[in-house]
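Notes follow once the structure below has been shown.
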Amino acid sequence: MFRGIDEVDWASLRHAHGSAEDVPGLLRGLASADPAERQTALDGMYGTVHHEGGVYDATVACVPFLLALAGHEEVRDRAEVVELLVSIGDVDGAPGGPAASALEALRVRADVFERLAGDADPGVRRAAAGALVPFLGRPGRVLALLRERIAVERDDRVLLALAESLGRVARRYGPADAAHAAEAVRLLTELSGPPHGPSLRLAALGQLAGCAQDRLPADLVATAVRLLRDRSGQRAPAGRPYDAPGPDTLAARLRRLRPSDEEGAALLRTLHAALGSRVTDRVALLCGQLTSPDPLDRCNGVWMSAGLIREWRTGHAEPVTLIGSQLGAPEARLHDAAVAVLVELLALAAPAADPLHALLAYRPELRIRHGERGAPTLGGPLKALAGAGDARAVPVLAEVLAGPVVPNDLGLVIPHLGGVAVPLAPVLRRRLARVPLDAADVRERAVPLLSALAALGDVESVPAVLRLLRGMPDGARRRGIVIAAAVRALGVFGGAAREAIPELRGLLGTGGAVGAAEALWSVTGDAEAVLPVLLTELSDTGSGRRRHAAAVLGRLGPAARPALPGLRELAASGDPGTRATAACAVWRAAGEPERFLPVLRSTWAEHPRTRTTIAECVAALGPSGAPLHEVLRAELAAPRRHRGDLGGHGIRDDLVLLRTCREALAGHAYHP
């Protein structure tokens, strides 16, 4: 297996962390009789020669030895070695680079994978199935091998991998080799019907959805739900230790948040991904999953609902209602999944507000989560109810605030509640006034309270905010973060915070000058007091605060005219976010939309993260923002979220964008 390994100049080769001198030891470890040593070696391979999916010259040098390991039956864990090889060969790279060289080396030895496709070990057969399409390079031979293996294979998991390979053939060769693609589709169509088992039929449907939707049954959703339930009915009941009572440890919670039926999750994820923009079908499929008699199917449905809602703006009400119905499930995994998703959904969790409120009523211990380590945090059900903007969260929060243990993060949910949370302002204000200024956790305690009081517009908290500005020791941990949050709050309070003017002026010469200038402008409306600082920051190419300075100058409107040369220059250079901010500032200061409208339109289209900035500008301009109203109307009509790549943060940011667009178009013939 290792013939020639010592002849390789490993010291001259590189992997993710430098010299590849350690690689021979890792390769030999893969052949060890000790399971722990084999696992350590495999982890080492993924951490060095294939770190985060990378391919290096040392990776290429490993390929012959990995192939030799995969071909020796006495080596344990060969399936993991084959999976590593398949992953290495799946990396795109420049011609002549390490990735291309590794792929070529694997294609030259594709016969190894042909043999492994019929190996005695089902795990090896399953892993080898993923190598056939990318490495053999001959669709006719691949199809013949897949037909042969499907005819004799009896292991369900291997059959699923073979079906996936058929889908790859159809997608890879469809445009250039219609005959072979059509044959793959024909085989998938056969596998999608009886007498095959429900798992294989679901797998085939998922592949057909990705390559030949015209071959799907007319009643696709009903068929898929029926197959899912048939599959669940065939699954042997198993104990679920993760649902047993026990301490609420981080490890236990993470275990519960992982899919317990990974095969079922993969089958349904494939189908959802292939259906893509067919949101109506996907919602119906999710409802079928969420009403399954099997809690594992429902748990998978909860997580996949989150995936749909992160990407699409429509069709979420019914799945969210069904997610709410899982809150009373006896399975801890299902309960935790439902809570986690509802917390992420914020206002979109409103259809589940009734079961959330009921859960908090009959299980008051869920209002606060006490972990093994660290400070207590607000319980997920209460976070979700408050995040949904439901007024029933307010009295529950009031009870928590009156209790002996108050989580530091409670203040973070207050902005979602808006004006209904105003009755909580006095107790929040008192808590802020009692935060020890030299405490190690001053940031964790003060910043959420500042955020809450600013959101409530509680001008009576100005003295408590000033106490932080005046009294925090210079060397206090994360002092800058606390000061910045305090300054933002004072800016929100506006003219009611005039008592803070000396402190804000004193901050104009610090690293927080831009934030202080913004707050000082909000409090005094005195442009002359802040323009010098903002102009300095705008011209400082190395400060990293130019975009913030441009945003504040935009707020000044015509009073920012002295900054126009610098703003125009910035609007023509820099990153997209900075260009958009500067262009908006020019528009607000000089009323010059014509020059920058093409820039703003193209930036909106090409860089979605800039859209809220631009929409806020249009809202601030009122009727003068009309030239971009059609862009905002198109955004409100779009079914897809503007940043579906950000997970839960994407939902939050998208809701802010939509709200801003509606506010900008209010009174301008916009009809939602």
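Each chain in the structure tokens gets a letter, A, B, ..., in the order shown, and its residues are numbered from 1; ligands are numbered from 1 in order too.
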Find the residues around Leu382 (chain A) up to 7 Å (only C-alpha atoms counted), leave out those fewer than 3 positions away in its own chain, and share them as a short mmCIF file (atom, residue, chain, number, x, y, z; two decimals) with C-alpha atoms, in the first residue's frame.
data_model
loop_
_atom_site.label_atom_id
_atom_site.label_comp_id
_atom_site.auth_asym_id
_atom_site.auth_seq_id
_atom_site.Cartn_x
_atom_site.Cartn_y
_atom_site.Cartn_z
CA ARG A 367 -39.22 31.45 30.31
CA LEU A 378 -34.20 34.23 27.86
CA GLY A 379 -36.02 31.02 27.02
CA LEU A 385 -43.36 35.16 21.19
CA ALA A 386 -41.70 38.55 21.67
CA ALA A 393 -45.17 38.58 25.72
#
Non-local contacts of Gly557 (chain A) (12 Å; only C-alpha atoms; under 5 positions in same chain excluded) as a PyMOL selection string: chain A and resi 521+525+527+531+550-552+562-564+584-592+617+620-621
Store the residues picked out above in a file with all heavy atoms, as a compact mmCIF listing (two decimals), in the first residue's frame.
# COMPACT_ATOMS: atom_id res chain seq x y z
N TRP A 521 -25.77 65.81 16.22
CA TRP A 521 -26.65 66.42 15.23
C TRP A 521 -28.11 66.14 15.57
O TRP A 521 -28.97 67.03 15.48
CB TRP A 521 -26.31 65.87 13.85
CG TRP A 521 -27.41 66.05 12.83
CD1 TRP A 521 -28.28 65.11 12.38
CD2 TRP A 521 -27.75 67.27 12.16
NE1 TRP A 521 -29.16 65.65 11.47
CE2 TRP A 521 -28.85 66.99 11.31
CE3 TRP A 521 -27.26 68.57 12.21
CZ2 TRP A 521 -29.45 67.94 10.51
CZ3 TRP A 521 -27.85 69.53 11.39
CH2 TRP A 521 -28.93 69.22 10.56
N GLY A 525 -29.13 69.62 16.14
CA GLY A 525 -29.39 70.12 14.80
C GLY A 525 -28.34 71.12 14.35
O GLY A 525 -28.56 71.85 13.37
N ALA A 527 -25.28 71.77 12.45
CA ALA A 527 -24.38 71.18 11.46
C ALA A 527 -22.95 71.67 11.63
O ALA A 527 -21.99 70.92 11.40
CB ALA A 527 -24.89 71.49 10.06
N LEU A 531 -19.76 69.14 11.23
CA LEU A 531 -19.19 69.06 9.88
C LEU A 531 -17.68 68.86 9.88
O LEU A 531 -17.16 68.03 9.12
CB LEU A 531 -19.56 70.30 9.07
CG LEU A 531 -20.80 70.18 8.19
CD1 LEU A 531 -21.14 71.52 7.55
CD2 LEU A 531 -20.59 69.12 7.11
N ALA A 550 -20.29 59.19 5.59
CA ALA A 550 -21.14 59.55 4.45
C ALA A 550 -22.61 59.41 4.82
O ALA A 550 -23.44 60.24 4.44
CB ALA A 550 -20.80 58.67 3.26
N ALA A 551 -22.95 58.36 5.57
CA ALA A 551 -24.34 58.16 5.97
C ALA A 551 -24.82 59.31 6.85
O ALA A 551 -25.94 59.82 6.69
CB ALA A 551 -24.48 56.84 6.70
N VAL A 552 -23.97 59.74 7.79
CA VAL A 552 -24.37 60.85 8.67
C VAL A 552 -24.49 62.14 7.88
O VAL A 552 -25.43 62.93 8.08
CB VAL A 552 -23.35 61.00 9.82
CG1 VAL A 552 -23.74 62.18 10.71
CG2 VAL A 552 -23.29 59.72 10.65
N PRO A 562 -20.90 71.33 1.95
CA PRO A 562 -19.43 71.40 1.91
C PRO A 562 -18.76 70.05 1.70
O PRO A 562 -17.59 69.99 1.32
CB PRO A 562 -19.08 71.98 3.29
CG PRO A 562 -20.29 72.77 3.68
CD PRO A 562 -21.45 71.99 3.16
N ALA A 563 -19.47 68.99 1.96
CA ALA A 563 -18.89 67.65 1.81
C ALA A 563 -19.12 67.06 0.43
O ALA A 563 -18.65 65.95 0.15
CB ALA A 563 -19.48 66.71 2.86
N LEU A 564 -19.81 67.78 -0.45
CA LEU A 564 -20.18 67.19 -1.74
C LEU A 564 -18.99 66.71 -2.57
O LEU A 564 -19.06 65.63 -3.17
CB LEU A 564 -21.03 68.18 -2.54
CG LEU A 564 -22.49 68.32 -2.07
CD1 LEU A 564 -23.21 69.44 -2.80
CD2 LEU A 564 -23.23 67.00 -2.27
N CYS A 584 -26.31 58.18 -2.09
CA CYS A 584 -27.53 58.61 -1.39
C CYS A 584 -27.29 59.93 -0.67
O CYS A 584 -28.18 60.81 -0.63
CB CYS A 584 -27.96 57.53 -0.41
SG CYS A 584 -28.68 56.06 -1.17
N ALA A 585 -26.11 60.08 -0.07
CA ALA A 585 -25.81 61.32 0.64
C ALA A 585 -25.78 62.51 -0.31
O ALA A 585 -26.26 63.61 0.01
CB ALA A 585 -24.48 61.18 1.37
N VAL A 586 -25.21 62.32 -1.51
CA VAL A 586 -25.20 63.40 -2.50
C VAL A 586 -26.63 63.78 -2.88
O VAL A 586 -26.98 64.96 -2.98
CB VAL A 586 -24.40 62.97 -3.75
CG1 VAL A 586 -24.55 64.01 -4.86
CG2 VAL A 586 -22.93 62.78 -3.41
N TRP A 587 -27.45 62.77 -3.09
CA TRP A 587 -28.85 63.02 -3.46
C TRP A 587 -29.54 63.83 -2.38
O TRP A 587 -30.24 64.82 -2.66
CB TRP A 587 -29.53 61.69 -3.68
CG TRP A 587 -30.90 61.77 -4.31
CD1 TRP A 587 -31.60 62.88 -4.62
CD2 TRP A 587 -31.71 60.66 -4.71
NE1 TRP A 587 -32.82 62.56 -5.18
CE2 TRP A 587 -32.91 61.20 -5.25
CE3 TRP A 587 -31.55 59.28 -4.66
CZ2 TRP A 587 -33.93 60.39 -5.73
CZ3 TRP A 587 -32.57 58.48 -5.14
CH2 TRP A 587 -33.76 59.03 -5.68
N ARG A 588 -29.36 63.45 -1.12
CA ARG A 588 -30.03 64.15 -0.03
C ARG A 588 -29.46 65.54 0.21
O ARG A 588 -30.19 66.46 0.60
CB ARG A 588 -29.94 63.31 1.25
CG ARG A 588 -30.68 61.99 1.16
CD ARG A 588 -30.54 61.15 2.41
NE ARG A 588 -31.22 61.74 3.55
CZ ARG A 588 -31.32 61.17 4.75
NH1 ARG A 588 -30.76 59.97 4.94
NH2 ARG A 588 -31.96 61.75 5.74
N ALA A 589 -28.16 65.71 -0.05
CA ALA A 589 -27.54 67.01 0.22
C ALA A 589 -27.74 68.00 -0.90
O ALA A 589 -27.93 69.20 -0.66
CB ALA A 589 -26.04 66.82 0.48
N ALA A 590 -27.69 67.52 -2.16
CA ALA A 590 -27.70 68.44 -3.29
C ALA A 590 -28.91 68.26 -4.19
O ALA A 590 -29.10 69.06 -5.12
CB ALA A 590 -26.42 68.27 -4.11
N GLY A 591 -29.71 67.23 -3.95
CA GLY A 591 -30.84 67.00 -4.84
C GLY A 591 -30.40 66.65 -6.25
O GLY A 591 -30.99 67.14 -7.21
N GLU A 592 -29.35 65.85 -6.37
CA GLU A 592 -28.80 65.48 -7.68
C GLU A 592 -29.01 63.99 -7.95
O GLU A 592 -28.07 63.20 -7.88
CB GLU A 592 -27.30 65.78 -7.74
CG GLU A 592 -26.94 67.24 -7.59
CD GLU A 592 -25.43 67.44 -7.61
OE1 GLU A 592 -24.68 66.44 -7.79
OE2 GLU A 592 -24.99 68.59 -7.45
N CYS A 617 -32.81 55.82 2.09
CA CYS A 617 -32.61 57.11 1.45
C CYS A 617 -33.87 57.56 0.74
O CYS A 617 -34.30 58.72 0.88
CB CYS A 617 -31.44 57.01 0.46
SG CYS A 617 -31.24 58.44 -0.62
N ALA A 620 -36.38 58.72 3.23
CA ALA A 620 -36.05 60.02 3.82
C ALA A 620 -36.33 61.17 2.86
O ALA A 620 -36.64 62.29 3.28
CB ALA A 620 -34.59 60.03 4.24
N LEU A 621 -36.23 60.91 1.56
CA LEU A 621 -36.43 61.97 0.57
C LEU A 621 -37.89 62.31 0.35
O LEU A 621 -38.21 63.35 -0.23
CB LEU A 621 -35.79 61.54 -0.76
CG LEU A 621 -34.27 61.60 -0.81
CD1 LEU A 621 -33.75 60.79 -1.99
CD2 LEU A 621 -33.79 63.03 -0.89
Residues within 10 Å of Val530 (chain A), only C-alpha atoms, excluding chain neighbours under 3 positions, as a list in words: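 Within the cut-off, the hits are Arg505, Leu508, Ala513, Val514, Ala516, Ala517, Glu518, Ala519, Leu520, Trp521, Gly525, Asp526, Ala527, Val533, Leu534, Leu535, Val552, Leu553, Leu556 and Ala560 of chain A.
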Exercise: Val422 (chain A) partners within 9 Å, only C-alpha atoms, chain neighbours under 6 positions left out, as a PDB file with N, CA, C and O atoms, in the first residue's frame:
ATOM      1  N   LEU A 453     -34.260  50.506  25.564  1.00  0.00           N
ATOM      2  CA  LEU A 453     -34.731  51.844  25.928  1.00  0.00           C
ATOM      3  C   LEU A 453     -34.726  52.784  24.728  1.00  0.00           C
ATOM      4  O   LEU A 453     -35.607  53.643  24.590  1.00  0.00           O
ATOM      5  N   LEU A 456     -37.764  52.000  22.673  1.00  0.00           N
ATOM      6  CA  LEU A 456     -38.978  52.513  23.305  1.00  0.00           C
ATOM      7  C   LEU A 456     -39.014  54.036  23.335  1.00  0.00           C
ATOM      8  O   LEU A 456     -40.025  54.624  23.742  1.00  0.00           O
ATOM      9  N   GLY A 457     -37.912  54.683  22.938  1.00  0.00           N
ATOM     10  CA  GLY A 457     -37.857  56.144  22.979  1.00  0.00           C
ATOM     11  C   GLY A 457     -37.997  56.697  24.379  1.00  0.00           C
ATOM     12  O   GLY A 457     -38.600  57.763  24.587  1.00  0.00           O
ATOM     13  N   ASP A 458     -37.425  56.004  25.349  1.00  0.00           N
ATOM     14  CA  ASP A 458     -37.606  56.364  26.755  1.00  0.00           C
ATOM     15  C   ASP A 458     -36.659  57.495  27.150  1.00  0.00           C
ATOM     16  O   ASP A 458     -35.565  57.269  27.652  1.00  0.00           O
TER      17      ASP A 458
END
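If you look at CA of Asp281 (chain A) and CA of Leu220 (chain A), they are 8.4 Å away from each other.
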Spatial neighbours of Pro407 (chain A), max dist 9 Å, only C-alpha atoms, sep filter under 4 positions, as a ChimeraX atom specification: /A:368-369,375-378,400-401,411,445
Near-region 169-176 of chain A list (10 Å; only C-alpha atoms; drop same-chain fewer than 4 positions) as a list in words: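 Contacts, with the query itself left out: Leu132, Val133, Pro134, Pro139, Gly140, Val142, Leu143, Ala163, Glu164, Ser165, His180, Ala181, Ala182, Glu183, Ala184, Val185, Arg186, Leu188, Gln207, Leu208, Gly210, Cys211 and Ala212 of chain A.
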Preceding selection exported with C-alpha atoms as a PDB file, in the first residue's frame:
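The resulting file, out-v1.pdb, is reproduced below:
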ATOM      1  CA  LEU A 132     -18.577   6.722 -11.192  1.00  0.00           C
ATOM      2  CA  VAL A 133     -19.903   9.794 -12.993  1.00  0.00           C
ATOM      3  CA  PRO A 134     -17.066  12.243 -12.264  1.00  0.00           C
ATOM      4  CA  PRO A 139     -21.515   7.792 -19.953  1.00  0.00           C
ATOM      5  CA  GLY A 140     -22.210   4.512 -21.742  1.00  0.00           C
ATOM      6  CA  VAL A 142     -21.339   4.426 -16.355  1.00  0.00           C
ATOM      7  CA  LEU A 143     -24.931   3.618 -17.312  1.00  0.00           C
ATOM      8  CA  ALA A 163     -30.158   6.592  -8.034  1.00  0.00           C
ATOM      9  CA  GLU A 164     -28.273   9.781  -7.245  1.00  0.00           C
ATOM     10  CA  SER A 165     -25.621   8.812  -9.795  1.00  0.00           C
ATOM     11  CA  HIS A 180     -27.485   8.689 -22.534  1.00  0.00           C
ATOM     12  CA  ALA A 181     -29.340  11.348 -20.539  1.00  0.00           C
ATOM     13  CA  ALA A 182     -32.665   9.954 -21.748  1.00  0.00           C
ATOM     14  CA  GLU A 183     -31.624   6.462 -20.691  1.00  0.00           C
ATOM     15  CA  ALA A 184     -30.759   7.725 -17.210  1.00  0.00           C
ATOM     16  CA  VAL A 185     -34.161   9.420 -16.993  1.00  0.00           C
ATOM     17  CA  ARG A 186     -35.863   6.213 -18.133  1.00  0.00           C
ATOM     18  CA  LEU A 188     -35.059   6.812 -12.797  1.00  0.00           C
ATOM     19  CA  GLN A 207     -33.557  13.099  -9.040  1.00  0.00           C
ATOM     20  CA  LEU A 208     -36.294  13.372 -11.675  1.00  0.00           C
ATOM     21  CA  GLY A 210     -33.829  17.927 -10.820  1.00  0.00           C
ATOM     22  CA  CYS A 211     -33.439  16.710 -14.392  1.00  0.00           C
ATOM     23  CA  ALA A 212     -36.801  15.823 -15.971  1.00  0.00           C
TER      24      ALA A 212
END
DSSP helix (DSSP H, G or I) residues within region 72-289 of chain A, listed as a ChimeraX atom specification: /A:78-88,98-108,110-116,122-136,139-152,156-173,178-191,198-211,213-215,220-234,241-243,250-257,262-275,279-289
Shell of 6 Å around Ala388 (chain A), only C-alpha atoms, local chain residues under 2 positions omitted, as number ranges by chain: A: 346-347, 349-350, 385-386, 390
Those same residues - N, CA, C and O atoms - I'd like them written as a CSV table (one decimal), in the first residue's frame.
chain,number,residue,atom,x,y,z
A,346,LEU,N,-39.0,35.5,13.7
A,346,LEU,CA,-39.4,36.8,14.2
A,346,LEU,C,-40.9,37.1,13.9
A,346,LEU,O,-41.7,36.3,14.3
A,347,ALA,N,-41.3,38.1,13.2
A,347,ALA,CA,-42.7,38.5,12.9
A,347,ALA,C,-43.4,37.4,12.2
A,347,ALA,O,-44.6,37.2,12.3
A,349,ALA,N,-43.4,34.4,12.8
A,349,ALA,CA,-43.9,33.4,13.7
A,349,ALA,C,-45.2,33.6,14.2
A,349,ALA,O,-45.8,32.9,15.0
A,350,ALA,N,-45.9,34.7,13.8
A,350,ALA,CA,-47.2,35.1,14.4
A,350,ALA,C,-48.2,34.0,14.3
A,350,ALA,O,-49.0,33.9,15.3
A,385,LEU,N,-42.1,34.4,21.0
A,385,LEU,CA,-43.4,35.2,21.2
A,385,LEU,C,-43.1,36.7,21.1
A,385,LEU,O,-43.8,37.4,20.4
A,386,ALA,N,-42.0,37.1,21.7
A,386,ALA,CA,-41.7,38.5,21.7
A,386,ALA,C,-41.2,38.9,20.3
A,386,ALA,O,-41.6,40.0,19.7
A,390,ASP,N,-45.9,39.9,19.6
A,390,ASP,CA,-47.2,39.6,20.2
A,390,ASP,C,-47.2,40.2,21.6
A,390,ASP,O,-46.3,40.0,22.4
Separation of CA of Gly206 (chain A) from CA of Leu271 (chain A), in Å and rounded to one decimal: 4.1 Å
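Each of A:His357, A:Arg125, A:Arg609, A:Arg568 was compared to Arg641 (chain A) using only C-alpha atoms, and A:Arg609 turns out to be the nearest.
Nearest residue to Leu166 (chain A) among A:Ala615, A:Leu187, A:Ala127, A:Leu267 is A:Leu187, counting only C-alpha atoms.
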Atomic distance CA of Tyr56 (chain A) - CA of Ala16 (chain A), expressed in Å with one decimal: 7.5 Å
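Considering only C-alpha atoms, the residue among A:Ala11, A:Gly471, A:Ser461, A:Leu103 positioned nearest to Pro436 (chain A) is A:Gly471.
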Closest of A:Pro295, A:Gly475, A:Gly301, A:Pro122 to Pro330 (chain A) - atom-to-atom distances counting only C-alpha atoms: A:Pro295
